[in-house]
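S.K.: Quick one: this structure, given as structure tokens, is what I'll be asking you about.
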Amino acid sequence: MTLPRIGHFLLVGSLLLTLACSSAKEQASVSVPLTSYAFSERDSLMAVESRPTVIFLHAEWCKFCKNMEQTTLKNEHVIQLLNEEFYFVSFDGEQRESIAFNGHNFAFRPNGRSSGTHELAAALGNIDGTLTYPTLVILNPGNEIVFQFGSFLSARQMRSVLKKAVPTQ
Amino acid sequence: MKKFATHKFLVFLVVLFAATVIHSQNATLSGQVNALSGEELSFASVALEGTTLGASTDDDGNFTIRDIPPGTYKVLVSFLGYETTQKKIALQAGEISTLDFSLEMASNTMNEVVVTGTLKEVNRLESPVPVEVYNPVFFKKNPTPNIYEALQNVNGVRPQLNCQVCNTGDIHINGLEGPYTMVLIDGMPIVSSLATVYGLSGIPNSLVERMEIVKGPASSLYGSEAIGGLINIITKNPEKAPLFSADVMGTSWEELNADLGVRFNAGANASVLTGVNYFNYDDVIDHNNDNFTDVTIQERVSVFQKWNFKRKDNRLFTLAGRYYWENRWGGELNWTPAFRGGDEIYGEAITTERWEFLGQYQLPTVDNMMFSFSFNNHDQNSVYGDVPYIADQKIGFGQLTWDKAIGKHDLLIGSALRYTFYDDNTPATGGESTNPNNDPDEIWLPGIFVQDEMTLSPEHKILLGLRYDYNDAHGSIFTPRFAYKWSISPTDIFRLNAGTGFRVVNLFTEDHAALTGAREVVIAEELAPEQSYNINVNYIKRMYMDNGGSGSIELSSWYTYFTNVILPDYETNANQIIYDNLDGFAVTKGVSLNADLTLPNGFSFLLGGSLLDVSKEEEGVRERQILTERFTGTWSVSYKFMDNKLAVDYTGNVYGPMRLPLLGEQDLRPAESPWWSIQNVQLTYKGMPHFEFYGGVKNLLNWTPWKNQDQPIIARSFDPFDRDVEFDDAGNVLASPGNPNALTFDPSYVYAPNQGIRAFFGIRYSIQ
């Protein structure tokens with residue numbers, strides 16, 4: 001079947017595609033990538049070198065989380081601090097896999113057809129009874145929560161928090 | 001010797017002196033920093049203004065600053081998420097002073113709270129089908145009593161009034177009329193047919209947790225009817241709802257809308273949410289002096305209850321029911337119910353009684369299997385002048401779905417069964433229900449569907465879907481779906497969607513004009529189902545700012561080709577509406593742009609615009625669709641200030657000219673509507689716990705259609721029963737001294753609401 005008058009549509013469609021392709025090329029490169037560990041990797045590294053852990057709790061649908069991933073967590077000073085002084089864990093609060101942490105097993109708890117919260121996210125990120133995204137959690141080497149913050153952090157704010165959390169020799 | 005001793009002594013003295021000077025001159029400040037709630041705050045910064053001196057609090061919230069030269073200082077304590085606090089202190093030489101701080105939590109936090117969905121959580125970023133999600137925050141920018149009116153704020157979606165007298169309307173998405181839009185509640189098709197014209201204003205906003213809008217072909221889950229798009233209303237979750245909530249709003253037009261919500265726990269395993277909505281408007285206003293009500297008199301009650309049951313492994317089980325009653329009338333100012341159905345004084349009166357029952361039950365299986373079911377009954381008793389329309393519609397629906405992720409494949413397999421019963425007093429179903437020839441419409445629509453969402457790589461996702469339905473009147477219906485999503489970068493997404501549509505037309509339930517009684521309905525031939533092919537492309541670019549601000553730009557384009565469409569023909573004969581199959585094709589196409597920007601300083605902007613072109617071509621003649629604009633735009637500008645306690649919202653929309661239905665060449669009313677715009681401002685105050693006050697002005701420009709034309713909107717409103725109209729033998733209107741332009745009574749020339757500028761004020765109260 002021929003579809004007459006589809007010309008305009010194709011024109012707009014190809015315009016959008018061109019736009020899409022051009023932005024694919026302009027991807028900026030980050031000088032030093034941020035090293036992110038899984039909880040299990042962190043545990044084995046802790047045996048070698050004891051460091052505080054920084055956990056970035058986020059969700060797929062959270063706009064401010066995406067923003068932090070694109071700005072704060074791409075800042076070279078923040079990356080440097082995280083890579084050198086901490087073990088950084090980026091944790092999706094709605095992931096399905098169970099996680100062993102601090103001698104306990106934490107699982108995903110569904111609350112809808114395909115929605116839910118991971119028990120570990122609730123345990124780490126719960127501030128006054130609610131879990132918001134993003135939440136930044138800092139654990140000391142003894143796995144105790146020393147800092148929780150449930151909001152967007154700019155690179156400047158993040159650096160000041162991290163600097164304070166660096167253990168003093 | 002002596003000299004040496006003296007020297008030693010001197011050194012000793014100097015050292016001693018220096019030590020005492022240092023010791024006695026400098027002060028020490030220590031203290032504790034707490035939140036107002038009492039907890040100690042670690043990592044808080046304590047600084048002395050104008051110096052480099054400062055400290056951070058330790059794990060217990062304690063700080064100490066040493067070596068402070070004597071003087072008066074301003075001590076600043078700041079901590080993320082809290083208001084910066086300052087205190088002045090005068091420190092004397094050698095003083096050891098303590099100063100404690102209590103910080104108030106700042107309300108300006110940039111985060112998002114978890115929303116729980118009862119259906120498959122639609123994620124705009126993830127899904128290959130572009131879904132727009134709107135939450136109550138969006139609709140509160142221009143508060144409205146019901147979903148029908150709320151949708152005026154969404155780009156590409158236009159609530160269209162179809163009836164000047166009875167003020168019922170439908171929802172146009174991207175230029176396609178109401179019946180092409182599928183309205184679902186919790187994913188179930190209980191708002192179809194009759195209710196798409198008569199039931200939308202009966203869905204209160206207070207029921208809504210969020211609304212998902214798909215423009216263009218939606219997922220195979222929803223069937224073939226959603227050609228123009230889909231509106232899925234997700235109702236509130238009893239577990240998350242406030243313990244008690246109330247929202248009462250009134251306007252200077254004496255409209256009153258009240259919403260109440262109460263949640264309680266029924267035993268340990270069930271939570272119950274009950275919601276009541278009441279709306280009343282009973283002021284007979286006739287600003288345009290046509291002896292007809294400007295706005296229909298309305299009274300309605302909706303009672304909603306939803307049960308959420310706790311089950312093992314957090315499996316889902318919800319049951320919900322809703323009862324809805326509405327009475328409305330419009331017409332000549334001196335109409336009273338005593339004239340209902342008579343031919344003395346013209347009035348259109350509609351009484352609707354409706355109940356709905358719906359539920360979802362997750363099967364106790366390892367895999368995610370869900371059974372959804374709904375049943376609803378819609379009873380309508382109405383008169384249009386002396387023409388009665390009495391209709392009864394029942395829809396039963398059951399659906400079983402199975403979600404399974406295998407490797408890269410996310411499968412959704414399901415089967416659905418829909419039963420529709422429809423009976424009215426018109427010849428379409430054989431007349432009155434007491435008539436022995438009465439033949440109600442009964443349709444069984446069983447269907448099966450398979451959908452595979454394949455994640456080829458993190459960047460590429462493909463969705464393939466196929467649905468097969470069997471309609472006992474029209475046989476097999478195949479509905480294929482294709483969707484592709486390309487995540488070019490974390491901030492750029494390109495999508496392509498294609499699919500087909502198939503729809504069986506029911507004139508009486510979906511075309512209000514068929515009922516007005518003003519024109520005779522002529523069905524020229526047996527009406528075939530409508531079939532369509534659709535393709536959509538969509539591109540989203542997101543931008544993130546270092547300070548937490550963000551924005552996005554979304555460009556979409558769509559093209560839908562109809563091989564058959566049933567369109568009303570108002571123009572061949574002014575006294576008839578002729579329906580027949582299209583001997584040609586119809587096309588709707590367009591582009592839309594949405595942009596949003598949220599800044600951390602409290603400003604947010606939303607801007608949308610659509611260019612559309614809806615036309616049909618028959619025997620080589622192309623014609624624009626009536627009552628369809630070529631351009632539509634919406635916007636909202638919001639500013640939050642005074643620590644988020646106050647908010648200003650400025651919202652509006654603008655529509656380009658539409659072709660309007662005229663009664664003939666001598667009809668002097670404009671054949672095209674002008675550009676028109678409705679704009680609103682609102683101020684919201686949230687400074688008191690539990691309370692929220694809001695108020696503002698709607699329709700700031702005081703724009704109404706009748707002010708912009710010298711001819712009356714309703715033709716021959718002074719003769720609603722056409723007593724002084726002369727007809728020839730063929731039924732055409734003849735010009736006569738009392739009717740020089742050969743018109744008949746015609747209230748179907750309507751494109752915008754008659755309601756002018758009005759103030760509104762409301763109070764919301766809620767306890768968690």
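Identifiers for the structure tokens are assigned positionally: chains receive A, B, ... in sequence, residues are indexed from 1 per chain, and ligands are indexed from 1 in the order shown.
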Which residues are close to Trp307 (chain B), i.e. within 12 Å by only C-alpha atoms, leaving aside same-chain residues fewer than 2 positions away? Reply as number ranges by chain.
M.R.: B: 235-239, 241, 263-267, 269-275, 304-305, 309-310, 316-322, 357-361
S.K.: Could you please take those selected residues and save N, CA and C atoms as a short mmCIF file (atom, residue, chain, number, x, y, z; two decimals), in the first residue's frame?
M.R.:
```
data_model
loop_
_atom_site.label_atom_id
_atom_site.label_comp_id
_atom_site.auth_asym_id
_atom_site.auth_seq_id
_atom_site.Cartn_x
_atom_site.Cartn_y
_atom_site.Cartn_z
N THR B 235 -5.36 4.97 40.39
CA THR B 235 -6.00 5.45 41.61
C THR B 235 -5.04 5.34 42.79
N LYS B 236 -5.34 6.09 43.83
CA LYS B 236 -4.46 6.17 44.99
C LYS B 236 -4.33 4.83 45.70
N ASN B 237 -3.19 4.65 46.30
CA ASN B 237 -2.92 3.44 47.07
C ASN B 237 -3.32 3.69 48.53
N PRO B 238 -4.26 2.88 49.05
CA PRO B 238 -4.71 3.11 50.43
C PRO B 238 -3.57 3.12 51.45
N GLU B 239 -2.52 2.36 51.19
CA GLU B 239 -1.43 2.32 52.16
C GLU B 239 -0.67 3.64 52.24
N ALA B 241 -2.06 6.67 51.25
CA ALA B 241 -2.95 7.83 51.33
C ALA B 241 -2.91 8.44 52.72
N ARG B 263 -8.66 7.29 55.46
CA ARG B 263 -8.03 5.97 55.39
C ARG B 263 -8.11 5.33 56.77
N PHE B 264 -8.41 4.08 56.79
CA PHE B 264 -8.33 3.36 58.07
C PHE B 264 -7.89 1.93 57.80
N ASN B 265 -7.43 1.28 58.85
CA ASN B 265 -7.01 -0.10 58.72
C ASN B 265 -8.12 -1.02 59.19
N ALA B 266 -8.47 -1.97 58.34
CA ALA B 266 -9.48 -2.94 58.73
C ALA B 266 -8.73 -4.20 59.17
N GLY B 267 -8.49 -4.29 60.45
CA GLY B 267 -7.70 -5.40 60.94
C GLY B 267 -6.24 -5.18 60.59
N ASN B 269 -4.61 -6.73 58.25
CA ASN B 269 -4.25 -7.11 56.89
C ASN B 269 -4.92 -6.31 55.79
N ALA B 270 -5.66 -5.30 56.14
CA ALA B 270 -6.29 -4.52 55.08
C ALA B 270 -6.28 -3.05 55.41
N SER B 271 -6.00 -2.23 54.40
CA SER B 271 -6.17 -0.80 54.58
C SER B 271 -7.22 -0.33 53.58
N VAL B 272 -8.01 0.61 54.02
CA VAL B 272 -9.16 1.02 53.23
C VAL B 272 -9.13 2.53 53.03
N LEU B 273 -9.30 2.93 51.79
CA LEU B 273 -9.36 4.35 51.48
C LEU B 273 -10.77 4.67 50.98
N THR B 274 -11.40 5.66 51.59
CA THR B 274 -12.73 6.06 51.15
C THR B 274 -12.65 7.50 50.69
N GLY B 275 -13.18 7.77 49.52
CA GLY B 275 -13.15 9.13 49.00
C GLY B 275 -14.54 9.55 48.56
N PHE B 304 -16.03 6.63 46.45
CA PHE B 304 -15.04 5.67 46.01
C PHE B 304 -14.46 4.96 47.24
N GLN B 305 -14.32 3.66 47.14
CA GLN B 305 -13.65 2.95 48.22
C GLN B 305 -12.71 1.91 47.64
N PHE B 309 -5.20 -5.39 50.43
CA PHE B 309 -5.00 -6.48 51.37
C PHE B 309 -3.54 -6.86 51.43
N LYS B 310 -3.04 -7.05 52.65
CA LYS B 310 -1.65 -7.49 52.83
C LYS B 310 -1.61 -8.99 52.59
N LEU B 316 0.03 -8.65 45.52
CA LEU B 316 -0.96 -7.58 45.42
C LEU B 316 -2.38 -8.11 45.42
N PHE B 317 -3.25 -7.46 46.14
CA PHE B 317 -4.68 -7.74 46.07
C PHE B 317 -5.44 -6.47 46.42
N THR B 318 -6.10 -5.90 45.45
CA THR B 318 -6.89 -4.70 45.73
C THR B 318 -8.29 -4.88 45.18
N LEU B 319 -9.23 -4.27 45.85
CA LEU B 319 -10.62 -4.23 45.39
C LEU B 319 -11.08 -2.79 45.51
N ALA B 320 -11.81 -2.33 44.50
CA ALA B 320 -12.28 -0.96 44.57
C ALA B 320 -13.67 -0.86 43.97
N GLY B 321 -14.43 0.05 44.50
CA GLY B 321 -15.78 0.27 43.99
C GLY B 321 -16.07 1.75 43.95
N ARG B 322 -16.90 2.15 43.02
CA ARG B 322 -17.25 3.56 42.95
C ARG B 322 -18.70 3.70 42.54
N PHE B 357 -16.84 -1.47 39.62
CA PHE B 357 -16.21 -2.38 40.57
C PHE B 357 -14.95 -2.91 39.90
N LEU B 358 -13.81 -2.79 40.55
CA LEU B 358 -12.60 -3.28 39.90
C LEU B 358 -11.61 -3.85 40.92
N GLY B 359 -10.81 -4.76 40.47
CA GLY B 359 -9.86 -5.37 41.39
C GLY B 359 -8.67 -5.97 40.67
N GLN B 360 -7.64 -6.21 41.45
CA GLN B 360 -6.44 -6.86 40.91
C GLN B 360 -5.96 -7.88 41.92
N TYR B 361 -5.66 -9.04 41.41
CA TYR B 361 -5.22 -10.11 42.30
C TYR B 361 -4.00 -10.77 41.68
#
```
S.K.: I need the residues of region 560-621 of chain B that end up classed as strand (DSSP E or B) by DSSP on the backbone, written out as a PDB file with C-alpha atoms, in the first residue's frame.
M.R.:
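This went into out_3.pdb:
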```pdb
ATOM      1  CA  THR B 560      -1.886   8.209  11.174  1.00  0.00           C
ATOM      2  CA  TYR B 561      -3.536   6.976   8.033  1.00  0.00           C
ATOM      3  CA  PHE B 562      -7.137   5.798   8.146  1.00  0.00           C
ATOM      4  CA  THR B 563      -8.418   3.516   5.409  1.00  0.00           C
ATOM      5  CA  ASN B 564     -11.878   3.953   6.789  1.00  0.00           C
ATOM      6  CA  LEU B 567     -17.279  11.003  10.044  1.00  0.00           C
ATOM      7  CA  PRO B 568     -20.469  12.959  10.546  1.00  0.00           C
ATOM      8  CA  ASP B 569     -21.439  14.991   7.514  1.00  0.00           C
ATOM      9  CA  GLN B 576     -29.328  15.988   8.869  1.00  0.00           C
ATOM     10  CA  ILE B 577     -26.199  14.361  10.096  1.00  0.00           C
ATOM     11  CA  ILE B 578     -25.209  11.773   7.549  1.00  0.00           C
ATOM     12  CA  TYR B 579     -22.924   8.928   8.504  1.00  0.00           C
ATOM     13  CA  ASP B 580     -21.300   6.694   5.939  1.00  0.00           C
ATOM     14  CA  GLY B 584     -11.060   7.623   0.388  1.00  0.00           C
ATOM     15  CA  PHE B 585      -8.732   8.085   3.284  1.00  0.00           C
ATOM     16  CA  ALA B 586      -8.160  10.297   6.260  1.00  0.00           C
ATOM     17  CA  VAL B 587      -4.872  11.471   7.681  1.00  0.00           C
ATOM     18  CA  THR B 588      -3.822  13.035  10.902  1.00  0.00           C
ATOM     19  CA  LYS B 589      -0.266  14.217  11.233  1.00  0.00           C
ATOM     20  CA  GLY B 590       1.645  16.709  13.223  1.00  0.00           C
ATOM     21  CA  VAL B 591       4.616  17.756  15.289  1.00  0.00           C
ATOM     22  CA  SER B 592       4.748  18.687  18.910  1.00  0.00           C
ATOM     23  CA  LEU B 593       7.368  20.231  21.130  1.00  0.00           C
ATOM     24  CA  ASN B 594       7.506  20.053  24.906  1.00  0.00           C
ATOM     25  CA  ALA B 595      10.083  21.860  26.965  1.00  0.00           C
ATOM     26  CA  ASP B 596      10.518  22.074  30.689  1.00  0.00           C
ATOM     27  CA  LEU B 597      12.992  23.776  32.950  1.00  0.00           C
ATOM     28  CA  THR B 598      13.265  23.530  36.742  1.00  0.00           C
ATOM     29  CA  PHE B 603      11.325  28.780  39.145  1.00  0.00           C
ATOM     30  CA  SER B 604       9.913  26.152  36.859  1.00  0.00           C
ATOM     31  CA  PHE B 605       8.667  26.426  33.317  1.00  0.00           C
ATOM     32  CA  LEU B 606       6.644  24.098  31.149  1.00  0.00           C
ATOM     33  CA  LEU B 607       5.949  24.888  27.546  1.00  0.00           C
ATOM     34  CA  GLY B 608       4.227  22.825  24.907  1.00  0.00           C
ATOM     35  CA  GLY B 609       3.106  23.407  21.372  1.00  0.00           C
ATOM     36  CA  SER B 610       1.613  21.207  18.668  1.00  0.00           C
ATOM     37  CA  LEU B 611       1.035  21.740  14.995  1.00  0.00           C
ATOM     38  CA  LEU B 612      -1.577  19.407  13.621  1.00  0.00           C
ATOM     39  CA  ASP B 613      -3.177  18.664  10.328  1.00  0.00           C
ATOM     40  CA  VAL B 614      -6.254  16.463  10.351  1.00  0.00           C
ATOM     41  CA  SER B 615      -7.989  15.933   7.041  1.00  0.00           C
ATOM     42  CA  LYS B 616      -9.869  13.488   4.880  1.00  0.00           C
ATOM     43  CA  GLU B 617      -9.736  12.989   1.159  1.00  0.00           C
ATOM     44  CA  GLU B 618     -12.762  11.715  -0.703  1.00  0.00           C
ATOM     45  CA  VAL B 621     -11.226  16.442  -2.572  1.00  0.00           C
TER      46      VAL B 621
END
```
S.K.: Find the residues near Leu153 (chain A): any atom within 10 Å, counting only C-alpha atoms, skip ones fewer than 4 places away on the same chain, and give them as a list in words.
M.R.: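 Everything that qualifies: Phe64, Cys65, Asn67, Met68, Thr71, Thr72, Leu73, Pro134, Thr135, Leu136, Phe149, Gln157, Met158, Arg159 and Val161 of chain A; Leu80, Gly81, Thr109, Met110, Asn111, Asp546, Asn547 and Gly548 of chain B.
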S.K.: Measure the distance from CA of Tyr278 (chain B) to CA of Met249 (chain B) in Å and round it to one decimal.
M.R.: 10.6 Å
S.K.: Check region 108-155 of chain A with DSSP on the backbone and list each residue it calls alpha helix (DSSP H), as a PDB file with N, CA and C atoms, in the first residue's frame.
M.R.:
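Below is the file that was written, states.pdb:
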```pdb
ATOM      1  N   GLU A 119      15.391  -4.086  50.397  1.00  0.00           N
ATOM      2  CA  GLU A 119      15.490  -3.966  51.857  1.00  0.00           C
ATOM      3  C   GLU A 119      16.746  -3.211  52.285  1.00  0.00           C
ATOM      4  N   LEU A 120      17.812  -3.389  51.528  1.00  0.00           N
ATOM      5  CA  LEU A 120      19.058  -2.724  51.894  1.00  0.00           C
ATOM      6  C   LEU A 120      18.949  -1.206  51.676  1.00  0.00           C
ATOM      7  N   ALA A 121      18.228  -0.826  50.618  1.00  0.00           N
ATOM      8  CA  ALA A 121      18.021   0.601  50.378  1.00  0.00           C
ATOM      9  C   ALA A 121      17.233   1.203  51.523  1.00  0.00           C
ATOM     10  N   ALA A 122      16.218   0.470  51.986  1.00  0.00           N
ATOM     11  CA  ALA A 122      15.396   0.964  53.091  1.00  0.00           C
ATOM     12  C   ALA A 122      16.232   1.040  54.365  1.00  0.00           C
ATOM     13  N   ALA A 123      17.094   0.036  54.574  1.00  0.00           N
ATOM     14  CA  ALA A 123      17.903   0.003  55.798  1.00  0.00           C
ATOM     15  C   ALA A 123      18.933   1.133  55.817  1.00  0.00           C
ATOM     16  N   LEU A 124      19.512   1.421  54.660  1.00  0.00           N
ATOM     17  CA  LEU A 124      20.565   2.435  54.617  1.00  0.00           C
ATOM     18  C   LEU A 124      20.020   3.851  54.464  1.00  0.00           C
ATOM     19  N   GLY A 125      18.932   3.969  53.706  1.00  0.00           N
ATOM     20  CA  GLY A 125      18.505   5.305  53.302  1.00  0.00           C
ATOM     21  C   GLY A 125      17.365   5.880  54.097  1.00  0.00           C
ATOM     22  N   ALA A 155      28.374  19.401  43.244  1.00  0.00           N
ATOM     23  CA  ALA A 155      29.766  18.953  43.378  1.00  0.00           C
ATOM     24  C   ALA A 155      30.446  19.645  44.559  1.00  0.00           C
TER      25      ALA A 155
END
```
S.K.: What is the distance, in Å and to one decimal place, between CA of Pro242 (chain B) and CA of Ile763 (chain B)?
M.R.: 15.8 Å
S.K.: Any idea what the distance is between CA of Phe691 (chain B) and CA of Val137 (chain B)?
M.R.: 15.6 Å
S.K.: For each of A:Pro167, A:Gly116, A:Gly129, A:Gly142, take the minimum atom-to-atom distance to chain B, counting only C-alpha atoms, then give the residue where this is smallest.
M.R.: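 Of the candidates, the smallest distance to chain B is held by A:Gly116.
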S.K.: Using only C-alpha atoms, find the one residue out of A:Glu76, A:Glu41, A:Glu85, A:Glu69 that sits nearest to chain B.
M.R.: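 That would be A:Glu69, the residue with the smallest distance to chain B.
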S.K.: Find the residues near Pro141 (chain A): any atom within 9 Å, counting only C-alpha atoms, skip ones fewer than 4 places away on the same chain, and give them as a list in words.
M.R.: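 The residues satisfying every condition are Met46, Ser50, Arg51, Pro52 and Thr53 of chain A.
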S.K.: Could the residues in this selection be written to a file with N, CA and C atoms, as a short mmCIF file (atom, residue, chain, number, x, y, z; two decimals), in the first residue's frame?
M.R.:
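Contents of selection38.cif, freshly written:
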```
data_model
loop_
_atom_site.label_atom_id
_atom_site.label_comp_id
_atom_site.auth_asym_id
_atom_site.auth_seq_id
_atom_site.Cartn_x
_atom_site.Cartn_y
_atom_site.Cartn_z
N MET A 46 37.94 -4.29 51.59
CA MET A 46 38.06 -3.81 52.97
C MET A 46 39.09 -4.62 53.75
N SER A 50 41.27 -0.64 54.75
CA SER A 50 40.04 -0.19 55.40
C SER A 50 39.76 1.27 55.03
N ARG A 51 38.59 1.53 54.48
CA ARG A 51 38.20 2.89 54.07
C ARG A 51 36.72 3.09 54.38
N PRO A 52 36.27 4.32 54.51
CA PRO A 52 34.82 4.53 54.60
C PRO A 52 34.16 4.25 53.24
N THR A 53 32.87 3.97 53.31
CA THR A 53 32.14 3.65 52.08
C THR A 53 31.12 4.77 51.81
#
```
S.K.: Taking only C-alpha atoms into account, name the residue in A:Phe106, A:Phe101, A:Phe39, A:Tyr133 that is nearest to chain B.
M.R.: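 Ranked by minimum distance to chain B, first place goes to A:Tyr133.
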